[in-house]
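Step one of this worksheet: look at the structure below.
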Amino acid sequence: MKRLRARLSDLDRRRRHRSTARAMLRLDPEPESWLDVGTGDAHFPATAKELFPYTSFDGLDTTTAVLVAREAERVEEAHLGNPASPHLAKVLTARYDVISVLHPTDDLGPVLTFLRPGGHVLVETAEPADALRTALEASGCTVLPAGRHPALDRLSRTTRVIARRAPSPA
């Protein structure tokens with residue numbers, strides 16, 4: 001019975017991850033680079049790679065699980081540390097077309113510095129979206145309309161917010 005529950009849990013996680021990745025497909029069908037913040041074992045990038053086969057997926061996590069994920073080839077580059085770390089800011093600033101944060105715990109400000117102008121940030125949280133939307137808009141991002149049906153939003157345990165960073169001035 002435990003094996004069956006574990007298998008169902010894995011299938012549910014893959015289904016949720018595919019749904020999350022699919023939300024980006026209509027906005028940016030072929031991003032060059034994608035950073036998954038708080039990636040852990042990088043199950044999300046592994047699933048998203050099925051929809052974005054030409055995208056380079058990197059992972060950032062505060063645990064060594066991201067290193068294991070790199071060894072398992074679920075991410076191409078593994079970054080260990082906190083997004084606010086100066087050594088990460090130096091290496092990752094304006095490097096990514098898409099950044100996903102599926103379990104935000106801290107301020108998104110440092111994470112947004114890793115986003116290229118015109119890039120997208122995808123955030124999923126169990127918290128109400130109002131504060132998140134305000135923080136993203138205060139950081140110079142435009143929150144995009146939800147692609148999900150309103151009834152699905154009410155049934156979901158998470159809130160999905162996608163925002164676009166302002167393009168650089170021409």
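Each chain in the structure tokens gets a letter, A, B and so on, in the order shown; residues start at 1 in every chain, and ligands are counted from 1 in the order they appear.
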
| request: Output as a VMD selection string all residues of region 2-114 of chain A that backbone DSSP marks as alpha helix (DSSP H). | output: chain A and resid 2 to 25 43 to 48 65 to 71 86 to 92 109 to 112

| So which residues touch Phe114 (chain A) within 10 Å, counting only C-alpha atoms, skipping near sequence neighbours fewer than 3 positions away, as a list in words? | Leu35, Pro83, Leu88, Ala89, Lys90, Val91, Leu92, Thr93, Ala94, Arg95, Tyr96, Asp97, Val98, Ile99, Gly109, Pro110, Val111, Pro117 and Gly119 of chain A

| request: Could you check which of A:Thr39, A:Ser33, A:Thr158, A:Thr113 is closest to Phe52 (chain A), using only C-alpha atoms? | output: A:Ser33

| Pro145 (chain A): which residues within 10 Å, counting only C-alpha atoms, same-chain residues fewer than 3 positions away excluded, as a list in words? |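 Here the qualifying residues turn out to be Thr142, Arg148, Val161, Ile162 and Ala163 of chain A.
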
Write the selection just made, keeping C-alpha atoms, as a short mmCIF file (atom, residue, chain, number, x, y, z; two decimals), in the first residue's frame?
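Output below, filename part34.cif:
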```cif
data_model
loop_
_atom_site.label_atom_id
_atom_site.label_comp_id
_atom_site.auth_asym_id
_atom_site.auth_seq_id
_atom_site.Cartn_x
_atom_site.Cartn_y
_atom_site.Cartn_z
CA THR A 142 4.25 43.58 -14.72
CA ARG A 148 -6.09 29.34 -15.60
CA VAL A 161 1.57 34.39 -10.43
CA ILE A 162 3.57 35.10 -13.57
CA ALA A 163 5.24 38.46 -14.07
#
```

| message | I want to know what sits within 10 Å of region 125-139 of chain A, based on only C-alpha atoms, with residues of the same chain fewer than 2 positions away left out; could you give that as a ChimeraX atom specification? | response | /A:101-105,107-109,112-113,121,123,141-144,156-166

Written selection (C-alpha atoms) as an mmCIF file, in the first residue's frame:
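To be explicit, this is the file written out as part-v7.cif:
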```cif
data_model
loop_
_atom_site.group_PDB
_atom_site.id
_atom_site.type_symbol
_atom_site.label_atom_id
_atom_site.label_comp_id
_atom_site.auth_asym_id
_atom_site.auth_seq_id
_atom_site.Cartn_x
_atom_site.Cartn_y
_atom_site.Cartn_z
ATOM 1 C CA VAL A 101 10.043 29.881 -7.511
ATOM 2 C CA LEU A 102 7.609 27.167 -6.464
ATOM 3 C CA HIS A 103 7.963 27.588 -2.703
ATOM 4 C CA PRO A 104 8.943 31.178 -1.894
ATOM 5 C CA THR A 105 10.267 31.703 1.606
ATOM 6 C CA ASP A 107 12.042 38.302 -0.375
ATOM 7 C CA LEU A 108 11.994 37.897 -4.152
ATOM 8 C CA GLY A 109 14.139 41.005 -4.704
ATOM 9 C CA LEU A 112 14.645 39.149 -9.621
ATOM 10 C CA THR A 113 18.182 40.457 -10.208
ATOM 11 C CA VAL A 121 9.232 35.008 -13.186
ATOM 12 C CA VAL A 123 5.845 31.985 -8.588
ATOM 13 C CA CYS A 141 7.609 43.691 -12.982
ATOM 14 C CA THR A 142 4.252 43.582 -14.721
ATOM 15 C CA VAL A 143 1.957 40.887 -13.364
ATOM 16 C CA LEU A 144 0.353 39.033 -16.260
ATOM 17 C CA SER A 156 -6.201 24.838 -6.282
ATOM 18 C CA ARG A 157 -4.162 24.775 -3.090
ATOM 19 C CA THR A 158 -1.640 27.145 -4.639
ATOM 20 C CA THR A 159 -1.698 30.566 -6.241
ATOM 21 C CA ARG A 160 0.266 30.956 -9.466
ATOM 22 C CA VAL A 161 1.570 34.388 -10.427
ATOM 23 C CA ILE A 162 3.572 35.103 -13.567
ATOM 24 C CA ALA A 163 5.235 38.463 -14.073
ATOM 25 C CA ARG A 164 7.398 40.007 -16.759
ATOM 26 C CA ARG A 165 10.376 42.156 -15.955
ATOM 27 C CA ALA A 166 10.397 45.475 -17.779
#
```

| message | Give me, as a list of chain:residue names, all polymer residues having an atom no more than 10 Å from region 70-81 of chain A, counting only C-alpha atoms and skipping those fewer than 5 positions away in the same chain. | response |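 Using only C-alpha atoms, the neighbours found are A:Trp34, A:Leu35, A:Asp36, A:Val37, A:Gly38, A:Thr39, A:Asp41, A:Ala42, A:His43, A:Phe44, A:Pro45, A:Ala46, A:Thr47, A:Lys49, A:Ser56, A:Phe57, A:Asp58, A:Gly59, A:Leu60, A:Asp61, A:Thr62, A:Thr63, A:Thr64, A:Ala65, A:Pro86, A:His87, A:Leu88, A:Val91, A:Leu92.
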
| message | Between A:Val66, A:Arg13, A:Asp106, A:His120, which residue has the minimum interatomic distance to Leu25 (chain A), considering only C-alpha atoms? | response |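 Using only C-alpha atoms, the shortest distance to Leu25 (chain A) belongs to A:His120.
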
| request: From a DSSP pass on the backbone, collect the residues of region 1-169 of chain A flagged as strand (DSSP E) and hand them back as a count of residues only. | output: 42

| Quick one, how far is CA of Arg14 (chain A) from CA of Arg116 (chain A)? |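 That distance, rounded to one decimal, is 27.7 Å.
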
| field | Residue nearest Thr20 (chain A) among A:Glu32, A:Leu115, A:Leu122, A:Gly40 (counting only C-alpha atoms) | value |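 Of the candidates, the smallest distance to Thr20 (chain A) is held by A:Leu122.
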
| Separation of CA of Met24 (chain A) from CA of Gly140 (chain A), in Å and rounded to one decimal |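 Going from CA of Met24 (chain A) over to CA of Gly140 (chain A) covers 19.5 Å.
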